[in-house]
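Below is run09.cif, holding mmCIF, C-alpha atoms.
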```cif
data_protein
#
loop_
_atom_site.label_atom_id
_atom_site.label_comp_id
_atom_site.auth_asym_id
_atom_site.auth_seq_id
_atom_site.Cartn_x
_atom_site.Cartn_y
_atom_site.Cartn_z
CA MET A 1 99.53 185.89 61.49
CA SER A 2 101.53 183.21 63.32
CA ASN A 3 103.52 184.30 66.38
CA VAL A 4 106.00 181.45 65.87
CA SER A 5 109.29 182.81 64.60
CA LYS A 6 111.43 180.88 62.22
CA THR A 7 114.79 179.63 63.44
CA GLN A 8 117.51 182.08 62.49
CA VAL A 9 120.37 180.45 60.62
CA ALA A 10 123.76 182.10 61.07
CA PRO A 11 125.24 183.28 57.78
CA ARG A 12 128.04 181.10 56.43
CA THR A 13 130.48 183.93 55.91
CA LEU A 14 133.26 181.73 54.55
CA SER A 15 131.33 179.76 51.94
CA GLY A 16 133.51 179.05 48.93
CA LYS A 17 136.73 179.67 50.85
CA VAL A 18 139.51 177.17 51.53
CA ALA A 19 141.47 177.35 54.78
CA LEU A 20 144.63 175.58 55.93
CA ILE A 21 145.23 175.38 59.68
CA THR A 22 148.63 174.13 60.80
CA GLY A 23 148.60 172.11 64.00
CA GLY A 24 144.88 171.62 63.66
CA SER A 25 144.42 168.27 65.36
CA ARG A 26 143.92 169.44 68.94
CA GLY A 27 143.57 172.38 71.28
CA ILE A 28 143.21 175.83 69.76
CA GLY A 29 143.94 174.54 66.25
CA ALA A 30 141.12 171.99 66.39
CA ALA A 31 138.70 174.64 67.64
CA ILE A 32 139.72 176.96 64.80
CA ALA A 33 139.31 174.24 62.17
CA GLN A 34 135.83 173.36 63.38
CA ARG A 35 134.74 177.00 63.63
CA LEU A 36 135.94 177.93 60.13
CA ALA A 37 134.24 174.83 58.73
CA ARG A 38 131.04 175.79 60.56
CA ASP A 39 131.29 179.20 58.92
CA GLY A 40 131.36 177.53 55.51
CA ALA A 41 135.04 177.09 54.70
CA THR A 42 136.54 173.93 53.27
CA VAL A 43 139.31 173.04 55.68
CA ALA A 44 142.70 171.31 55.63
CA ILE A 45 144.58 170.64 58.87
CA THR A 46 148.10 169.47 59.55
CA TYR A 47 149.18 167.21 62.38
CA THR A 48 152.45 165.66 63.47
CA SER A 49 152.02 162.74 65.83
CA SER A 50 148.32 162.38 66.58
CA PRO A 51 146.47 160.81 63.62
CA GLN A 52 143.67 159.71 65.95
CA LYS A 53 143.07 163.29 67.11
CA ALA A 54 143.22 164.55 63.53
CA GLY A 55 140.69 161.90 62.55
CA GLU A 56 138.38 163.00 65.35
CA VAL A 57 138.52 166.62 64.18
CA ALA A 58 137.88 165.56 60.59
CA ALA A 59 134.95 163.37 61.65
CA ALA A 60 133.42 166.22 63.65
CA ILE A 61 133.63 168.55 60.65
CA GLU A 62 132.22 165.97 58.25
CA SER A 63 129.36 165.17 60.65
CA GLU A 64 128.22 168.78 60.20
CA GLY A 65 128.44 168.56 56.42
CA GLY A 66 131.88 170.12 56.01
CA ARG A 67 134.76 169.15 53.75
CA VAL A 68 138.12 168.48 55.36
CA LEU A 69 141.56 167.07 54.60
CA ALA A 70 144.00 165.93 57.31
CA ILE A 71 147.68 166.07 56.30
CA ARG A 72 150.57 164.65 58.27
CA ALA A 73 153.25 167.36 58.28
CA ASP A 74 155.78 168.27 60.96
CA SER A 75 156.01 172.06 61.00
CA ALA A 76 159.73 171.74 61.79
CA ASP A 77 160.21 170.15 58.35
CA ALA A 78 160.18 172.82 55.64
CA GLU A 79 159.53 170.34 52.85
CA ALA A 80 156.60 168.82 54.72
CA VAL A 81 155.11 172.28 55.21
CA LYS A 82 155.49 173.08 51.52
CA SER A 83 153.86 169.76 50.65
CA ALA A 84 150.91 170.49 52.96
CA VAL A 85 150.18 173.71 51.10
CA ALA A 86 150.50 171.93 47.75
CA GLN A 87 148.21 169.09 48.86
CA THR A 88 145.58 171.56 50.02
CA VAL A 89 145.57 173.39 46.70
CA LYS A 90 145.57 170.14 44.73
CA ALA A 91 142.63 168.76 46.71
CA PHE A 92 140.47 171.88 46.75
CA GLY A 93 141.72 174.00 43.86
CA ARG A 94 142.59 177.13 45.82
CA LEU A 95 143.76 178.57 49.14
CA ASP A 96 142.20 181.66 50.69
CA ILE A 97 143.04 181.47 54.41
CA LEU A 98 146.17 180.32 56.20
CA VAL A 99 146.11 179.98 59.97
CA ASN A 100 149.63 179.52 61.32
CA ASN A 101 148.69 177.80 64.55
CA ALA A 102 151.37 175.11 64.98
CA GLY A 103 153.71 175.90 67.85
CA VAL A 104 155.66 174.50 70.77
CA ALA A 105 156.56 175.95 74.14
CA THR A 106 159.80 174.94 75.84
CA MET A 107 160.60 176.60 79.15
CA ALA A 108 164.01 176.55 80.83
CA PRO A 109 166.54 178.95 82.37
CA ILE A 110 168.69 180.47 79.64
CA ASP A 111 171.87 178.82 80.89
CA GLN A 112 170.16 175.42 80.72
CA PHE A 113 168.40 175.85 77.37
CA SER A 114 169.98 173.37 74.96
CA LEU A 115 170.82 174.34 71.40
CA GLU A 116 168.80 171.36 70.19
CA GLU A 117 165.71 172.63 72.01
CA PHE A 118 166.32 176.15 70.71
CA ASP A 119 166.62 174.94 67.11
CA ARG A 120 163.38 172.95 67.25
CA LEU A 121 161.42 175.78 68.88
CA ILE A 122 162.59 178.27 66.25
CA ALA A 123 162.07 175.73 63.46
CA ILE A 124 158.39 175.34 64.37
CA ASN A 125 157.40 178.71 65.79
CA VAL A 126 159.29 180.88 63.31
CA LYS A 127 160.70 179.02 60.31
CA GLY A 128 157.67 176.77 59.82
CA LEU A 129 155.38 179.79 59.98
CA PHE A 130 157.54 181.61 57.42
CA VAL A 131 157.60 178.65 55.02
CA ALA A 132 153.84 178.08 55.25
CA THR A 133 153.20 181.76 54.61
CA GLN A 134 155.62 182.00 51.70
CA GLU A 135 154.05 178.99 50.01
CA ALA A 136 150.46 179.99 50.75
CA VAL A 137 150.67 183.51 49.32
CA ARG A 138 151.75 182.08 45.97
CA HIS A 139 148.15 180.84 45.67
CA MET A 140 146.25 183.72 47.25
CA GLY A 141 144.48 186.55 45.50
CA GLU A 142 142.73 189.65 46.75
CA GLY A 143 140.81 188.93 49.93
CA GLY A 144 143.35 186.38 51.14
CA ARG A 145 143.96 186.04 54.85
CA ILE A 146 147.09 185.18 56.82
CA ILE A 147 146.28 184.69 60.51
CA ASN A 148 149.08 183.88 62.92
CA VAL A 149 148.55 182.47 66.39
CA GLY A 150 151.17 184.12 68.56
CA SER A 151 151.13 184.73 72.30
CA VAL A 152 150.81 187.53 74.84
CA ASN A 153 154.23 186.33 75.99
CA SER A 154 155.74 188.21 73.05
CA ASP A 155 155.56 191.32 75.21
CA PHE A 156 154.65 190.09 78.70
CA MET A 157 156.56 187.24 80.35
CA PRO A 158 155.66 187.15 84.06
CA PHE A 159 157.81 184.17 85.05
CA ALA A 160 161.38 182.98 84.61
CA GLY A 161 162.38 180.45 81.94
CA GLY A 162 160.25 181.75 79.11
CA SER A 163 162.73 184.01 77.34
CA VAL A 164 163.26 181.85 74.24
CA TYR A 165 159.56 181.18 73.82
CA ALA A 166 158.96 184.94 74.12
CA LEU A 167 161.69 185.51 71.51
CA SER A 168 159.92 183.24 69.04
CA LYS A 169 156.52 184.84 69.55
CA GLY A 170 158.05 188.31 69.37
CA ALA A 171 159.35 187.35 65.94
CA VAL A 172 155.82 186.39 64.91
CA ALA A 173 154.47 189.77 66.03
CA SER A 174 157.14 191.66 64.10
CA PHE A 175 156.71 189.47 61.02
CA THR A 176 152.99 190.18 61.08
CA ARG A 177 153.51 193.95 60.94
CA GLY A 178 156.11 193.79 58.18
CA LEU A 179 154.20 191.27 56.09
CA ALA A 180 151.07 193.41 56.22
CA ARG A 181 153.06 196.06 54.31
CA ASP A 182 154.30 193.50 51.79
CA LEU A 183 150.90 192.02 51.06
CA GLY A 184 148.63 195.05 51.47
CA PRO A 185 148.94 196.08 47.81
CA ARG A 186 147.68 192.60 46.88
CA GLY A 187 144.60 192.92 49.09
CA ILE A 188 145.81 190.20 51.48
CA THR A 189 145.51 190.92 55.20
CA VAL A 190 147.94 189.66 57.85
CA ASN A 191 147.08 189.58 61.55
CA ASN A 192 148.33 187.98 64.74
CA VAL A 193 146.05 186.59 67.45
CA GLN A 194 147.80 186.58 70.83
CA PRO A 195 146.12 184.30 73.35
CA GLY A 196 146.78 184.43 77.06
CA PRO A 197 146.32 181.28 79.15
CA VAL A 198 143.97 178.94 77.29
CA ASP A 199 142.87 175.52 78.55
CA THR A 200 144.81 173.08 76.32
CA ASP A 201 146.98 169.98 76.70
CA MET A 202 150.02 172.28 76.66
CA ASN A 203 148.71 174.53 79.44
CA PRO A 204 145.73 172.94 81.23
CA ALA A 205 143.45 175.00 83.45
CA LYS A 206 144.20 172.57 86.30
CA GLY A 207 147.94 172.39 85.60
CA PRO A 208 150.78 173.18 88.02
CA PHE A 209 151.04 176.83 86.87
CA ALA A 210 147.32 177.53 86.57
CA ASP A 211 146.73 179.22 89.91
CA SER A 212 149.67 181.58 89.53
CA LEU A 213 148.64 182.53 85.97
CA ARG A 214 145.03 183.15 86.97
CA GLY A 215 146.32 185.65 89.48
CA TYR A 216 147.38 187.93 86.62
CA MET A 217 144.03 187.79 84.85
CA ALA A 218 141.22 190.32 85.16
CA LEU A 219 138.67 187.57 84.44
CA GLN A 220 140.32 185.08 86.82
CA ARG A 221 139.82 182.14 84.48
CA TYR A 222 141.47 180.37 81.57
CA GLY A 223 140.21 180.97 78.07
CA GLN A 224 138.69 178.32 75.84
CA GLY A 225 139.86 177.29 72.39
CA GLU A 226 136.45 178.21 70.98
CA GLU A 227 136.92 181.80 72.17
CA VAL A 228 140.21 182.12 70.29
CA ALA A 229 138.55 180.48 67.29
CA GLY A 230 135.90 183.20 67.35
CA MET A 231 138.53 185.91 66.95
CA VAL A 232 140.22 183.97 64.14
CA ALA A 233 136.86 183.53 62.41
CA TYR A 234 136.30 187.28 62.54
CA LEU A 235 139.72 187.98 61.02
CA ALA A 236 139.01 185.44 58.28
CA SER A 237 135.64 187.00 57.48
CA PRO A 238 134.71 189.81 55.09
CA ASP A 239 133.97 192.00 58.13
CA ALA A 240 137.72 192.20 58.85
CA ALA A 241 138.75 193.40 55.39
CA PHE A 242 140.19 196.65 56.84
CA VAL A 243 142.11 194.96 59.68
CA THR A 244 145.75 194.20 58.92
CA GLY A 245 149.11 194.36 60.65
CA ALA A 246 147.37 193.98 64.02
CA ASN A 247 148.55 192.05 67.06
CA LEU A 248 145.29 191.35 68.88
CA LYS A 249 145.29 190.06 72.44
CA ILE A 250 142.65 187.64 73.69
CA ASP A 251 143.87 187.07 77.22
CA GLY A 252 141.17 187.69 79.80
CA GLY A 253 142.99 190.80 80.93
CA PHE A 254 146.29 188.95 81.50
CA THR A 255 148.21 191.99 80.25
CA ALA A 256 145.74 194.69 81.36
#
```
What would the structure in this file look like if it were written as structure tokens?
Amino acid sequence: MSNVSKTQVAPRTLSGKVALITGGSRGIGAAIAQRLARDGATVAITYTSSPQKAGEVAAAIESEGGRVLAIRADSADAEAVKSAVAQTVKAFGRLDILVNNAGVATMAPIDQFSLEEFDRLIAINVKGLFVATQEAVRHMGEGGRIINVGSVNSDFMPFAGGSVYALSKGAVASFTRGLARDLGPRGITVNNVQPGPVDTDMNPAKGPFADSLRGYMALQRYGQGEEVAGMVAYLASPDAAFVTGANLKIDGGFTA
């Protein structure tokens, strides 16, 4: 008998599923899109101002044999968000997984936070998430997945100037719990992934705040987008069928 073992191929747990990832052209969103595609899902991503980045993500997925659709849609525009869901369903015939990843972070002292900045932050982080969810669940059946990408800052804000951002992510955490009750009878799970500091364009590991943030972390390092994507992939998988209404931290011990 030969002692040479055959290469083990990881099971494609999301084969036959269609996933829409908002803000999927870079950072955590891009990592999620590529991971779900690697796990067998057909993927649609939205982007706002970076068609080149969206094209790079799409090319990476297609190079591994995946199917992908890139849709230009500003998450602050409710009609654009609705259209993105409709385009996904039209292109692929169904929608099983929604990852509400699109988000912005504006930091400023409360007495200097403009109403214009407040409106845009809420429009993307809260209203856009609501609209995408409302539209997506119209197409989901039993086994559907809503996965929000929130933040540990919803309940831990260690520096000044982040109150409005924390407000928006706190809304996401509360929405997740309530929506789990709404959709549980339909067999649709709703969960919220709450990253701590992750190395992205928005918050680079070598940025001006990096050293101070690392000081709060048990692991003393920034996370990677692929690590967050791993948690999202689990929540999207059949293994997570009994997980719903959860706000799950992935923060290197930032809030330990």
Item to check | Residue neighbourhood segment 15-22 of chain A, 6 Å, only C-alpha atoms, exclusion window fewer than 5 positions, as a ChimeraX atom specification | outcome: /A:40-46,95-102
Resulting file, chosen residues, C-alpha atoms, as an mmCIF file, in the frame of the given file:
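Ended up saving to part-v9.cif:
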```cif
data_model
loop_
_atom_site.group_PDB
_atom_site.id
_atom_site.type_symbol
_atom_site.label_atom_id
_atom_site.label_comp_id
_atom_site.auth_asym_id
_atom_site.auth_seq_id
_atom_site.Cartn_x
_atom_site.Cartn_y
_atom_site.Cartn_z
ATOM 1 C CA GLY A 40 131.360 177.530 55.510
ATOM 2 C CA ALA A 41 135.040 177.090 54.700
ATOM 3 C CA THR A 42 136.540 173.930 53.270
ATOM 4 C CA VAL A 43 139.310 173.040 55.680
ATOM 5 C CA ALA A 44 142.700 171.310 55.630
ATOM 6 C CA ILE A 45 144.580 170.640 58.870
ATOM 7 C CA THR A 46 148.100 169.470 59.550
ATOM 8 C CA LEU A 95 143.760 178.570 49.140
ATOM 9 C CA ASP A 96 142.200 181.660 50.690
ATOM 10 C CA ILE A 97 143.040 181.470 54.410
ATOM 11 C CA LEU A 98 146.170 180.320 56.200
ATOM 12 C CA VAL A 99 146.110 179.980 59.970
ATOM 13 C CA ASN A 100 149.630 179.520 61.320
ATOM 14 C CA ASN A 101 148.690 177.800 64.550
ATOM 15 C CA ALA A 102 151.370 175.110 64.980
#
```
Mind telling me what the PyMOL selection byres ((chain A and resi 79-93) around 8) catches here, as a PDB file with C-alpha atoms, in the frame of the given file?
```
ATOM      1  CA  VAL A  18     139.510 177.170  51.530  1.00  0.00           C
ATOM      2  CA  LEU A  20     144.630 175.580  55.930  1.00  0.00           C
ATOM      3  CA  THR A  42     136.540 173.930  53.270  1.00  0.00           C
ATOM      4  CA  ALA A  44     142.700 171.310  55.630  1.00  0.00           C
ATOM      5  CA  THR A  46     148.100 169.470  59.550  1.00  0.00           C
ATOM      6  CA  LEU A  69     141.560 167.070  54.600  1.00  0.00           C
ATOM      7  CA  ILE A  71     147.680 166.070  56.300  1.00  0.00           C
ATOM      8  CA  ARG A  72     150.570 164.650  58.270  1.00  0.00           C
ATOM      9  CA  ALA A  73     153.250 167.360  58.280  1.00  0.00           C
ATOM     10  CA  ASP A  74     155.780 168.270  60.960  1.00  0.00           C
ATOM     11  CA  SER A  75     156.010 172.060  61.000  1.00  0.00           C
ATOM     12  CA  ASP A  77     160.210 170.150  58.350  1.00  0.00           C
ATOM     13  CA  ALA A  78     160.180 172.820  55.640  1.00  0.00           C
ATOM     14  CA  ARG A  94     142.590 177.130  45.820  1.00  0.00           C
ATOM     15  CA  LEU A  95     143.760 178.570  49.140  1.00  0.00           C
ATOM     16  CA  GLY A 128     157.670 176.770  59.820  1.00  0.00           C
ATOM     17  CA  VAL A 131     157.600 178.650  55.020  1.00  0.00           C
ATOM     18  CA  ALA A 132     153.840 178.080  55.250  1.00  0.00           C
ATOM     19  CA  GLU A 135     154.050 178.990  50.010  1.00  0.00           C
ATOM     20  CA  ALA A 136     150.460 179.990  50.750  1.00  0.00           C
ATOM     21  CA  HIS A 139     148.150 180.840  45.670  1.00  0.00           C
TER      22      HIS A 139
END
```
Item to check | All residues 8 Å or closer to segment 170-187 of chain A, all atoms listed in the file, same chain fewer than 3 positions away omitted, as a list in words | outcome: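 After dropping sequence-adjacent residues, the list is Asn125, Val126, Gly141, Glu142, Gly143, Gly144, Asn148, Gly150, Asn153, Ser154, Asp155, Ala166, Leu167, Val190, Asn191, Asn192, Thr244, Gly245, Ala246 and Asn247 of chain A.
Of note, atom CA of Pro158 of chain A and atom CA of Ala233 of chain A are spaced 28.9 Å apart.
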For segment 96-100 of chain A, take all atoms listed in the file, fit an axis-aligned box around them, add 6 Å to each of the six sides, then output centre and edge lengths in Å rounded to one decimal, as JSON.
```
{"center_x": 145.9, "center_y": 180.6, "center_z": 56.0, "size_x": 19.4, "size_y": 14.1, "size_z": 22.6}
```
Item to check | Within 10 Å of file point (165.2, 182.3, 88.4), counting all atoms listed in the file, expressed as a list in words | outcome: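 Those within range, by chain then number, are Ala108, Pro109, Ile110, Phe159, Ala160 and Gly161 of chain A.
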Next on the checklist: With only C-alpha atoms as the counted atoms, please give the residues lying no more than 10 Å from Ala210 of chain A, apart from itself and same-chain residues fewer than 6 positions off, as a count of residues only.
Outcome noted: 7
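Considering the residues A:Gly162, A:Ile146, A:Gln220, A:Gly65 and counting all atoms listed in the file, Leu235 of chain A has its shortest atom-to-atom contact with A:Ile146.
Distances to Gly24 of chain A were evaluated for A:Lys53, A:Lys127, A:Arg38, A:Arg12 using only C-alpha atoms, and the minimum falls at A:Lys53.
The interatomic distance for the pair atom CA of Tyr216 of chain A and atom CA of Gly196 of chain A works out to 10.2 Å.
For the residues A:Arg35, A:Arg138, A:Lys169, A:Arg145, ranking by smallest atom-to-atom distance to Leu121 of chain A using only C-alpha atoms places A:Lys169 first.
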